[in-house]
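What follows is the content of input-v2.cif (mmCIF, C-alpha atoms and all ligand atoms).
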```
data_query
loop_
_atom_site.label_atom_id
_atom_site.label_comp_id
_atom_site.auth_asym_id
_atom_site.auth_seq_id
_atom_site.Cartn_x
_atom_site.Cartn_y
_atom_site.Cartn_z
CA MET A 1 34.95 -13.14 38.53
CA PHE A 2 36.52 -16.35 39.75
CA VAL A 3 37.21 -18.90 37.00
CA PHE A 4 35.30 -21.56 38.93
CA THR A 5 32.22 -19.35 39.27
CA GLU A 6 29.07 -20.39 37.38
CA LEU A 7 28.37 -18.79 34.03
CA GLN A 8 24.74 -18.10 33.19
CA LEU A 9 24.31 -17.82 29.42
CA LYS A 10 20.99 -17.04 27.76
CA HIS A 11 19.62 -20.54 28.33
CA LEU A 12 22.46 -22.63 29.67
CA LEU A 13 24.01 -22.54 33.12
CA ILE A 14 27.65 -23.67 33.04
CA LYS A 15 29.20 -24.72 36.32
CA ASN A 16 32.41 -22.76 35.70
CA ARG A 17 34.19 -20.76 33.00
CA LEU A 18 36.45 -23.54 31.73
CA CYS A 19 35.64 -25.17 28.39
CA ARG A 20 37.14 -27.86 26.22
CA SER A 21 37.48 -26.43 22.73
CA ALA A 22 36.37 -28.74 19.92
CA THR A 23 39.15 -31.21 19.26
CA ASN A 24 38.95 -34.08 16.84
CA GLU A 25 40.00 -37.17 18.78
CA HIS A 26 39.97 -39.70 15.93
CA LEU A 27 38.15 -42.05 18.27
CA GLY A 28 35.10 -42.73 16.10
CA THR A 29 34.75 -45.81 13.94
CA GLU A 30 35.58 -45.70 10.24
CA GLU A 31 31.82 -45.26 9.63
CA GLY A 32 31.66 -42.34 12.06
CA CYS A 33 30.00 -43.97 15.06
CA VAL A 34 30.70 -43.20 18.71
CA THR A 35 32.98 -45.72 20.47
CA ASP A 36 33.42 -46.77 24.13
CA GLU A 37 36.81 -45.10 24.04
CA LEU A 38 35.30 -41.77 23.02
CA CYS A 39 32.66 -41.99 25.78
CA GLU A 40 35.39 -42.71 28.31
CA PHE A 41 37.45 -39.76 27.09
CA TYR A 42 34.52 -37.34 27.45
CA SER A 43 33.58 -38.79 30.80
CA LYS A 44 37.15 -38.21 31.95
CA LEU A 45 36.98 -34.56 30.90
CA ALA A 46 33.66 -34.18 32.72
CA ARG A 47 34.93 -35.87 35.87
CA ASN A 48 37.76 -33.38 35.95
CA ARG A 49 35.85 -30.10 36.12
CA VAL A 50 35.38 -29.20 32.46
CA GLY A 51 32.30 -26.99 32.60
CA LEU A 52 31.43 -27.09 28.90
CA ILE A 53 32.65 -29.62 26.36
CA PHE A 54 32.53 -28.74 22.70
CA THR A 55 32.71 -32.05 20.88
CA SER A 56 34.96 -32.70 17.91
CA HIS A 57 33.53 -31.48 14.63
CA PHE A 58 30.69 -33.83 13.71
CA CYS A 59 30.08 -34.14 10.00
CA ILE A 60 26.63 -33.01 8.88
CA ALA A 61 26.44 -34.67 5.46
CA GLU A 62 27.90 -37.62 3.68
CA GLY A 63 30.81 -36.36 1.64
CA GLY A 64 31.65 -33.55 4.07
CA ARG A 65 34.27 -35.21 6.20
CA GLY A 66 37.50 -33.37 6.95
CA ASP A 67 39.00 -36.26 8.88
CA ASN A 68 39.06 -40.01 8.90
CA ARG A 69 37.09 -41.53 11.78
CA GLN A 70 35.19 -38.25 12.12
CA ILE A 71 31.89 -38.67 13.96
CA MET A 72 28.86 -38.47 11.66
CA ILE A 73 25.60 -36.69 12.51
CA SER A 74 24.29 -36.90 8.98
CA ASP A 75 21.51 -39.43 9.47
CA ASP A 76 18.99 -40.47 12.15
CA ARG A 77 20.68 -43.86 12.46
CA PHE A 78 23.55 -42.12 14.32
CA ILE A 79 21.31 -40.66 17.05
CA ASP A 80 21.39 -43.61 19.46
CA GLY A 81 25.19 -43.75 19.41
CA LEU A 82 25.49 -39.98 19.74
CA SER A 83 23.22 -40.00 22.79
CA ARG A 84 25.90 -41.94 24.68
CA LEU A 85 28.05 -38.79 24.89
CA PRO A 86 25.61 -36.61 26.88
CA GLN A 87 24.95 -39.67 29.03
CA ALA A 88 28.68 -40.03 29.69
CA VAL A 89 29.18 -36.46 30.92
CA ARG A 90 25.86 -35.54 32.54
CA PRO A 91 26.45 -37.35 35.87
CA TYR A 92 29.36 -34.97 36.51
CA GLY A 93 27.47 -31.75 35.87
CA ALA A 94 29.28 -30.86 32.64
CA LYS A 95 27.41 -29.48 29.64
CA ILE A 96 28.10 -30.85 26.17
CA VAL A 97 27.58 -29.07 22.87
CA ALA A 98 27.89 -30.83 19.50
CA GLN A 99 30.04 -29.01 16.99
CA ILE A 100 28.58 -29.37 13.49
CA ASN A 101 30.62 -28.94 10.35
CA HIS A 102 31.03 -29.57 6.64
CA ALA A 103 34.60 -29.41 5.42
CA GLY A 104 33.75 -27.95 1.99
CA ALA A 105 36.90 -27.62 -0.08
CA LYS A 106 38.87 -28.98 2.87
CA ILE A 107 37.34 -32.44 2.70
CA ARG A 108 39.78 -35.27 3.12
CA GLU A 109 39.25 -37.27 0.00
CA ASN A 110 40.06 -40.68 1.46
CA ALA A 111 37.56 -40.09 4.29
CA ASN A 112 34.64 -39.60 1.89
CA PRO A 113 32.93 -41.50 -0.89
CA ALA A 114 34.58 -40.92 -4.27
CA GLY A 115 33.46 -37.81 -6.13
CA SER A 116 31.98 -36.03 -3.11
CA MET A 117 33.94 -32.78 -3.45
CA ILE A 118 31.86 -29.74 -2.65
CA THR A 119 33.08 -26.20 -2.20
CA SER A 120 31.92 -22.60 -2.08
CA SER A 121 34.16 -20.64 -4.37
CA THR A 122 37.76 -20.48 -3.30
CA PRO A 123 40.19 -19.25 -5.92
CA ASP A 124 42.15 -22.50 -5.89
CA ARG A 125 39.07 -24.71 -6.32
CA PRO A 126 36.58 -22.69 -8.27
CA ASP A 127 33.88 -25.37 -8.53
CA PHE A 128 31.06 -23.16 -7.24
CA MET A 129 28.23 -24.76 -5.33
CA THR A 130 24.92 -24.50 -7.12
CA GLY A 131 21.85 -22.98 -5.47
CA GLU A 132 20.45 -26.48 -5.09
CA GLN A 133 23.62 -27.68 -3.33
CA ILE A 134 23.53 -24.69 -0.99
CA ALA A 135 19.91 -25.45 -0.07
CA ARG A 136 20.82 -29.10 0.58
CA ILE A 137 23.74 -28.17 2.82
CA ARG A 138 21.65 -25.61 4.73
CA GLU A 139 19.04 -28.27 5.40
CA ALA A 140 21.78 -30.75 6.42
CA TYR A 141 23.08 -28.32 9.08
CA ILE A 142 19.57 -27.77 10.42
CA ALA A 143 18.75 -31.49 10.43
CA ALA A 144 22.07 -32.22 12.18
CA ALA A 145 21.22 -29.70 14.91
CA TYR A 146 17.85 -31.36 15.40
CA ARG A 147 19.56 -34.76 15.73
CA ALA A 148 21.91 -33.29 18.33
CA LYS A 149 18.90 -32.04 20.27
CA THR A 150 17.18 -35.44 19.98
CA ALA A 151 20.36 -37.17 21.18
CA GLY A 152 20.36 -35.03 24.33
CA PHE A 153 23.11 -32.50 23.64
CA ASP A 154 22.84 -29.17 25.44
CA GLY A 155 23.25 -27.26 22.20
CA VAL A 156 25.14 -27.10 18.94
CA GLN A 157 28.14 -25.13 17.85
CA VAL A 158 28.20 -24.09 14.19
CA HIS A 159 31.82 -24.24 13.01
CA VAL A 160 32.71 -21.06 11.15
CA ALA A 161 36.46 -21.22 11.68
CA HIS A 162 39.65 -22.82 10.40
CA GLY A 163 38.88 -22.77 6.69
CA TYR A 164 35.95 -25.20 6.53
CA LEU A 165 32.87 -24.68 4.36
CA LEU A 166 31.21 -21.80 6.21
CA THR A 167 34.53 -19.98 6.53
CA GLN A 168 34.94 -20.41 2.79
CA PHE A 169 31.69 -18.52 2.37
CA LEU A 170 32.50 -15.84 4.94
CA ASP A 171 36.07 -15.10 3.92
CA PRO A 172 36.72 -12.38 1.33
CA THR A 173 38.35 -15.16 -0.74
CA ASN A 174 34.75 -16.13 -1.61
CA ARG A 175 34.56 -15.04 -5.26
CA ARG A 176 30.89 -15.83 -5.88
CA SER A 177 28.92 -13.23 -7.74
CA ASP A 178 25.44 -14.26 -6.55
CA GLU A 179 23.67 -13.37 -3.29
CA TYR A 180 26.12 -15.61 -1.35
CA GLY A 181 29.22 -13.71 -2.48
CA GLY A 182 30.54 -10.18 -2.77
CA CYS A 183 29.78 -7.91 0.20
CA SER A 184 30.20 -9.16 3.77
CA LYS A 185 26.43 -9.32 4.30
CA ASN A 186 26.10 -11.69 1.34
CA ARG A 187 29.02 -13.83 2.46
CA PHE A 188 27.36 -14.13 5.89
CA ARG A 189 23.99 -15.05 4.35
CA LEU A 190 24.32 -18.84 4.55
CA ILE A 191 25.46 -18.67 8.19
CA ARG A 192 22.48 -16.46 9.02
CA GLU A 193 20.10 -18.84 7.24
CA ILE A 194 21.53 -21.86 9.06
CA ILE A 195 21.29 -20.25 12.51
CA ALA A 196 17.76 -18.97 11.86
CA GLY A 197 16.80 -22.41 10.52
CA ILE A 198 18.15 -24.16 13.62
CA HIS A 199 16.22 -21.78 15.87
CA GLU A 200 13.06 -22.47 13.92
CA ARG A 201 13.47 -26.28 13.86
CA CYS A 202 14.85 -26.79 17.37
CA GLY A 203 13.09 -23.94 19.18
CA GLU A 204 14.51 -20.58 20.24
CA SER A 205 15.58 -21.99 23.60
CA PHE A 206 17.90 -24.62 22.09
CA PRO A 207 21.37 -23.07 22.52
CA VAL A 208 23.29 -22.29 19.34
CA PHE A 209 26.97 -21.40 19.67
CA VAL A 210 29.26 -20.26 16.86
CA LYS A 211 33.01 -20.79 16.64
CA ILE A 212 34.38 -18.05 14.45
CA ASN A 213 37.64 -16.73 13.09
CA CYS A 214 38.38 -13.23 14.34
CA ASN A 215 40.79 -12.70 11.44
CA CYS A 216 41.50 -13.79 7.89
CA LYS A 217 44.10 -13.56 5.17
CA GLU A 218 42.49 -10.52 3.52
CA PRO A 219 41.77 -8.41 6.64
CA GLU A 220 40.82 -5.26 4.74
CA ASN A 221 37.57 -6.95 3.71
CA TYR A 222 36.81 -8.67 7.01
CA ASP A 223 35.16 -6.59 9.68
CA PHE A 224 35.04 -8.93 12.64
CA LEU A 225 33.08 -6.55 14.86
CA GLU A 226 30.38 -6.29 12.21
CA ILE A 227 30.14 -10.11 12.08
CA ALA A 228 30.02 -10.32 15.89
CA GLY A 229 27.17 -7.80 15.82
CA TRP A 230 25.20 -9.97 13.40
CA LEU A 231 25.75 -13.01 15.62
CA GLU A 232 24.45 -11.01 18.57
CA GLU A 233 21.37 -9.98 16.59
CA LEU A 234 20.72 -13.62 15.77
CA GLY A 235 20.50 -14.35 19.50
CA ILE A 236 23.14 -17.02 19.71
CA GLU A 237 24.21 -18.35 23.09
CA ALA A 238 27.87 -17.33 22.84
CA MET A 239 30.62 -16.97 20.29
CA GLU A 240 33.92 -18.81 20.61
CA LEU A 241 36.77 -16.87 19.08
CA SER A 242 39.51 -18.50 17.09
CA GLY A 243 41.61 -17.49 14.10
CA TYR A 244 42.73 -18.86 10.76
CA ASP A 245 46.34 -18.83 12.02
CA PHE A 246 45.84 -20.64 15.33
CA GLY A 247 48.48 -23.23 14.41
CA ASP A 248 51.16 -20.69 13.45
CA PHE A 249 52.10 -19.10 16.77
CA GLU A 250 55.59 -19.56 18.24
CA LYS A 251 55.65 -22.50 20.63
CA SER A 252 56.77 -20.17 23.41
CA TYR A 253 53.78 -17.84 22.87
CA MET A 254 51.52 -19.30 25.51
CA ARG A 255 48.98 -16.55 26.04
CA PRO A 256 45.49 -16.11 24.61
CA TYR A 257 46.22 -15.49 20.92
CA TYR A 258 43.04 -13.54 20.28
CA LEU A 259 42.62 -11.55 23.48
CA GLU A 260 42.59 -8.17 21.75
CA PRO A 261 39.67 -8.90 19.38
CA ALA A 262 37.83 -10.63 22.24
CA LEU A 263 38.13 -7.51 24.40
CA LYS A 264 36.99 -5.33 21.49
CA VAL A 265 33.80 -7.39 21.20
CA LYS A 266 33.28 -7.22 24.95
CA SER A 267 33.69 -3.45 24.99
CA SER A 268 31.12 -2.79 22.29
CA LEU A 269 28.62 -5.68 22.34
CA LYS A 270 26.70 -7.79 24.83
CA ILE A 271 27.25 -11.20 23.26
CA PRO A 272 29.04 -13.66 25.59
CA VAL A 273 32.57 -14.43 24.40
CA ILE A 274 34.59 -17.59 24.90
CA ILE A 275 38.21 -17.40 23.84
CA ALA A 276 40.26 -20.29 22.41
CA GLY A 277 43.92 -20.50 21.53
CA GLY A 278 47.15 -20.36 23.49
CA LEU A 279 45.75 -20.91 26.98
CA HIS A 280 48.00 -22.89 29.18
CA ASP A 281 47.89 -22.09 32.86
CA ALA A 282 45.47 -21.33 35.66
CA ALA A 283 46.74 -17.80 36.31
CA THR A 284 46.31 -16.66 32.68
CA ALA A 285 42.86 -18.25 32.55
CA GLN A 286 41.89 -16.24 35.62
CA GLU A 287 43.45 -13.04 34.24
CA THR A 288 41.51 -13.47 30.97
CA ILE A 289 38.25 -13.79 32.88
CA ASP A 290 39.22 -10.80 35.06
CA ARG A 291 39.60 -8.74 31.89
CA GLY A 292 35.99 -9.41 30.98
CA VAL A 293 36.01 -12.47 28.69
CA ASP A 294 33.17 -14.77 29.76
CA ALA A 295 34.93 -18.14 29.48
CA VAL A 296 38.17 -19.70 28.27
CA SER A 297 38.62 -22.85 26.23
CA PHE A 298 41.53 -25.23 25.87
CA SER A 299 42.36 -27.83 23.25
CA ARG A 300 45.95 -29.09 23.10
CA ALA A 301 46.62 -28.84 26.84
CA LEU A 302 43.59 -31.07 27.53
CA LEU A 303 44.84 -33.69 25.09
CA ARG A 304 47.94 -33.98 27.21
CA GLU A 305 46.13 -33.68 30.56
CA PRO A 306 42.37 -34.34 30.50
CA ASP A 307 42.46 -33.69 34.25
CA LEU A 308 44.05 -30.24 33.78
CA PHE A 309 41.17 -28.29 35.31
CA GLU A 310 41.15 -30.46 38.41
CA LYS A 311 44.83 -29.55 38.75
CA PHE A 312 43.93 -25.87 38.33
CA TYR A 313 41.35 -26.28 41.06
CA LEU A 314 43.88 -27.72 43.46
CA ASP A 315 46.72 -25.36 42.54
CA ARG A 316 46.04 -21.90 41.12
CA SER A 317 49.64 -21.64 39.94
CA TYR A 318 49.50 -24.84 37.90
CA VAL A 319 51.00 -24.74 34.38
CA ALA A 320 50.01 -27.35 31.78
CA LYS A 321 52.58 -29.88 30.64
CA CYS A 322 51.69 -29.34 26.97
CA VAL A 323 54.60 -27.61 25.23
CA HIS A 324 52.65 -26.73 22.07
CA CYS A 325 54.98 -28.93 20.06
CA ASN A 326 52.08 -29.41 17.66
CA ALA A 327 52.78 -33.09 17.19
CA CYS A 328 49.02 -33.53 17.64
CA TYR A 329 48.60 -31.46 14.44
CA SER A 330 51.35 -33.27 12.58
CA THR A 331 49.72 -36.59 13.30
CA TYR A 332 46.38 -35.13 12.19
CA SER A 333 45.73 -37.45 9.28
CA THR A 334 47.48 -40.56 10.44
CA VAL A 335 47.02 -41.20 14.11
CA PHE A 336 44.65 -40.48 16.94
CA LYS A 337 44.56 -37.12 18.58
CA HIS A 338 45.90 -37.90 21.99
CA CYS A 339 49.09 -36.15 22.97
CA ALA A 340 52.01 -37.72 21.15
CA PHE A 341 54.11 -37.55 24.28
CA GLU A 342 51.73 -38.81 26.90
CA LYS A 343 52.32 -42.52 26.91
CA SER A 344 49.63 -43.35 29.40
CA THR A 345 46.91 -42.18 27.01
CA ASN A 346 48.59 -43.82 24.09
CA ALA A 347 48.73 -47.52 24.77
CA ARG A 348 46.65 -48.17 21.68
CA LEU A 349 48.69 -45.74 19.61
CA GLU A 350 51.91 -47.38 20.70
CA GLU A 351 50.51 -50.75 19.76
CA ASN A 352 49.16 -49.61 16.39
CA TYR A 353 52.17 -47.61 15.33
CA LYS A 354 55.12 -49.40 16.83
CA GLY A 355 56.47 -50.22 13.36
CA ASN A 356 55.57 -46.84 11.85
CA ARG A 357 58.61 -44.70 11.03
CA GLU A 358 56.70 -41.40 10.90
CA TRP A 359 55.40 -42.05 14.40
CA GLN A 360 58.84 -42.98 15.74
CA ALA A 361 60.29 -39.81 14.22
CA LEU A 362 57.63 -37.67 15.88
CA LYS A 363 58.26 -39.27 19.23
CA SER A 364 61.98 -38.70 19.08
CA LYS A 365 61.60 -34.97 18.23
C1 LIG A 401 44.39 -32.28 17.33
C2 LIG A 401 43.48 -31.12 17.17
C3 LIG A 401 42.20 -31.29 16.66
C4 LIG A 401 41.32 -30.18 16.54
N1 LIG A 401 40.05 -30.38 16.11
C5 LIG A 401 39.19 -29.32 16.06
C6 LIG A 401 37.82 -29.49 15.73
O1 LIG A 401 37.34 -30.61 15.50
N2 LIG A 401 37.04 -28.37 15.67
C7 LIG A 401 37.52 -27.12 15.97
O2 LIG A 401 36.76 -26.14 15.93
N3 LIG A 401 38.80 -26.93 16.31
C8 LIG A 401 39.63 -27.99 16.38
N4 LIG A 401 40.92 -27.80 16.80
C9 LIG A 401 41.34 -26.44 17.20
C10 LIG A 401 41.16 -26.22 18.71
O3 LIG A 401 39.80 -26.27 19.09
C11 LIG A 401 41.69 -24.84 19.16
O4 LIG A 401 40.93 -23.84 18.54
C12 LIG A 401 43.17 -24.66 18.83
O5 LIG A 401 43.91 -25.85 19.03
C13 LIG A 401 43.80 -23.57 19.71
O6 LIG A 401 43.61 -23.88 21.08
P1 LIG A 401 44.80 -24.45 22.03
O7 LIG A 401 45.90 -23.44 21.98
O8 LIG A 401 44.18 -24.58 23.39
O9 LIG A 401 45.24 -25.77 21.46
C14 LIG A 401 41.78 -28.90 16.92
C15 LIG A 401 43.07 -28.75 17.45
C16 LIG A 401 43.91 -29.84 17.59
C17 LIG A 401 45.25 -29.63 18.21
#
```
Show me this structure written as structure tokens.
Ligand SMILES: Cc1cc2nc3c(=O)[nH]c(=O)nc-3n(C[C@H](O)[C@H](O)[C@H](O)COP(=O)(O)O)c2cc1C
Amino acid sequence: MFVFTELQLKHLLIKNRLCRSATNEHLGTEEGCVTDELCEFYSKLARNRVGLIFTSHFCIAEGGRGDNRQIMISDDRFIDGLSRLPQAVRPYGAKIVAQINHAGAKIRENANPAGSMITSSTPDRPDFMTGEQIARIREAYIAAAYRAKTAGFDGVQVHVAHGYLLTQFLDPTNRRSDEYGGCSKNRFRLIREIIAGIHERCGESFPVFVKINCNCKEPENYDFLEIAGWLEELGIEAMELSGYDFGDFEKSYMRPYYLEPALKVKSSLKIPVIIAGGLHDAATAQETIDRGVDAVSFSRALLREPDLFEKFYLDRSYVAKCVHCNACYSTYSTVFKHCAFEKSTNARLEENYKGNREWQALKSK
């Protein structure tokens, strides 16, 4: 199947098989509102042949922010601002899905009101959530999905990757002894309840995606195929595969990091699979699709070149300029998420950080 061929999911028709993986841009306001700059960035992606845009992780509840300037979807007052994003991309035929998240034990303390720490039950932070807190968070995810629908998004993506709250439940490092801990079925319980709740509140036809780690630090207690099977049973639109170690690969390893688990899912289940991590060039994207993965998604390479897919369209041998230097990770807490080496996208960065030694050091790497 050609990478620019349409992809028909359960409810959503995507114009091609090229996605933008959720990437926090740090372009919201301090309060978490959408800015003109963010709209322009998404519009640029859409104008340049991104078929499906997963937004940055929007925070579902006050106190759940993992990043400064993270976009909030925690209250109805954010809906009008949020609706500007679907409006920005729709004229170009792109679909846009809001990623919803609570950082759990990974909250960034200076991005949240004092005292808002909340966690599941990780060994290093054993302040277990109470049943009442779990119910409140479940409702916050469901309400956030409904706001995304009201704002005009084409669906939501529940973030179950990269160590945030729902990963903290799902991982075997969850040491709870109640019905949300212990066996894998229990650790999956909250995710199941959230997805079922979203279907009930938003209607079965409102697309729900899940981004999920295909691995974890205690692999003997993590059966990824079993989890994928449960997601299929729940009738989600598609799963996007990632891994807890997505930032640890050698810079020179520019191939889909998680191809093997993706192919395993494809060989035994029917659920559509999108693969994230390590994608870099048009030929590998095509090869990945040829091997049976439904769609591919890119993060870092699109920070450097938001018009990357247009370049792929014009030249099937095109290779992204991104060198996976990971400066965009290193700057995670301090500066915006545009590529540290692409000056044209960084006029504001340059201006804001011209006297900042950390920034200068990164640039001279
Ligand atoms: C600067 C930056 C911000 C990111 N923000 C998010 C995010 O908000 N949500 C998410 O699920 N993944 C996030 N990721 C991870 C990417 O979506 C992706 O899974 C990972 O970077 C691997 O893909 P790549 O090799 O194409 O960069 C982020 C990655 C980077 C580099």
### Query
Pick from A:Tyr146, A:Phe58, A:Phe153, A:Phe309: nearest to ligand LIG 401 (chain A), with all atoms listed in the file counted?
A:Phe58
### Task
Around ligand LIG 401 (chain A), at most 8 Å away and counting all atoms listed in the file, which residues are there? Put them as a PyMOL selection string, please.
chain A and resi 20-25+55-58+99+159+161-162+211+242-243+246-247+254+256+276-280+297-303+324+326+328-329+331-332+337-338
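The space separating CA of Arg255 (chain A) from CA of Thr284 (chain A) comes to 7.2 Å.
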### Task
Do a neighbour search on region 110-113 of chain A at 12 Å with only C-alpha atoms, toss out local chain neighbours closer than 5 positions, and write the hits as a ChimeraX atom specification.
/A:26,29-32,59,61-72,102-104,118,333-334
### Summary
If you count only C-alpha atoms, the residue of A:Phe209, A:Phe128, A:Tyr92, A:Tyr257 closest to Gly235 (chain A) turns out to be A:Phe209
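Between CA of Asn215 (chain A) and CA of Leu9 (chain A) lies a distance of 24.9 Å.
The space separating CA of Glu218 (chain A) from CA of Val158 (chain A) comes to 22.4 Å.
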Slice of the block: region 197-273 of chain A, C-alpha atoms, as a short mmCIF file (atom, residue, chain, number, x, y, z; two decimals), in the first residue's frame:
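In the end it all went to selection.cif:
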```
data_model
loop_
_atom_site.label_atom_id
_atom_site.label_comp_id
_atom_site.auth_asym_id
_atom_site.auth_seq_id
_atom_site.Cartn_x
_atom_site.Cartn_y
_atom_site.Cartn_z
CA GLY A 197 -16.64 5.98 29.80
CA ILE A 198 -15.56 8.05 26.79
CA HIS A 199 -17.54 5.80 24.45
CA GLU A 200 -20.60 6.19 26.65
CA ARG A 201 -20.32 9.98 27.02
CA CYS A 202 -19.18 10.86 23.49
CA GLY A 203 -20.95 8.12 21.55
CA GLU A 204 -19.48 4.92 20.10
CA SER A 205 -18.68 6.67 16.83
CA PHE A 206 -16.37 9.25 18.42
CA PRO A 207 -12.88 7.89 17.65
CA VAL A 208 -10.73 6.91 20.62
CA PHE A 209 -7.05 6.21 19.98
CA VAL A 210 -4.55 4.92 22.53
CA LYS A 211 -0.81 5.58 22.58
CA ILE A 212 0.79 2.72 24.42
CA ASN A 213 4.19 1.43 25.46
CA CYS A 214 4.96 -1.92 23.85
CA ASN A 215 7.58 -2.60 26.54
CA CYS A 216 8.47 -1.80 30.12
CA LYS A 217 11.25 -2.16 32.65
CA GLU A 218 9.85 -5.40 34.10
CA PRO A 219 9.02 -7.25 30.86
CA GLU A 220 8.30 -10.60 32.52
CA ASN A 221 5.06 -9.14 33.89
CA TYR A 222 4.04 -7.17 30.81
CA ASP A 223 2.29 -9.07 28.07
CA PHE A 224 1.90 -6.49 25.35
CA LEU A 225 -0.11 -8.74 23.05
CA GLU A 226 -2.63 -9.35 25.82
CA ILE A 227 -3.00 -5.57 26.31
CA ALA A 228 -3.37 -5.02 22.55
CA GLY A 229 -6.12 -7.66 22.56
CA TRP A 230 -8.00 -5.79 25.29
CA LEU A 231 -7.71 -2.55 23.32
CA GLU A 232 -9.12 -4.33 20.28
CA GLU A 233 -12.03 -5.67 22.35
CA LEU A 234 -12.75 -2.14 23.53
CA GLY A 235 -13.24 -1.10 19.91
CA ILE A 236 -10.71 1.69 19.78
CA GLU A 237 -9.91 3.36 16.47
CA ALA A 238 -6.21 2.48 16.41
CA MET A 239 -3.29 2.01 18.75
CA GLU A 240 -0.09 4.00 18.40
CA LEU A 241 2.92 2.06 19.57
CA SER A 242 5.72 3.61 21.52
CA GLY A 243 8.05 2.44 24.28
CA TYR A 244 9.33 3.55 27.66
CA ASP A 245 12.85 3.78 26.18
CA PHE A 246 12.07 5.86 23.09
CA GLY A 247 14.67 8.46 24.08
CA ASP A 248 17.49 5.96 24.64
CA PHE A 249 18.28 4.72 21.14
CA GLU A 250 21.65 5.45 19.51
CA LYS A 251 21.45 8.59 17.39
CA SER A 252 22.48 6.56 14.35
CA TYR A 253 19.61 4.07 14.86
CA MET A 254 17.13 5.67 12.50
CA ARG A 255 14.67 2.87 11.88
CA PRO A 256 11.30 2.15 13.48
CA TYR A 257 12.28 1.25 17.04
CA TYR A 258 9.22 -0.89 17.69
CA LEU A 259 8.66 -2.61 14.35
CA GLU A 260 8.87 -6.11 15.76
CA PRO A 261 6.09 -5.72 18.36
CA ALA A 262 4.01 -3.83 15.80
CA LEU A 263 4.28 -6.73 13.34
CA LYS A 264 3.41 -9.20 16.11
CA VAL A 265 0.17 -7.31 16.78
CA LYS A 266 -0.58 -7.17 13.06
CA SER A 267 -0.04 -10.90 12.65
CA SER A 268 -2.41 -11.91 15.44
CA LEU A 269 -5.00 -9.13 15.80
CA LYS A 270 -7.16 -6.89 13.63
CA ILE A 271 -6.63 -3.62 15.47
CA PRO A 272 -5.09 -0.88 13.27
CA VAL A 273 -1.52 -0.08 14.31
#
```
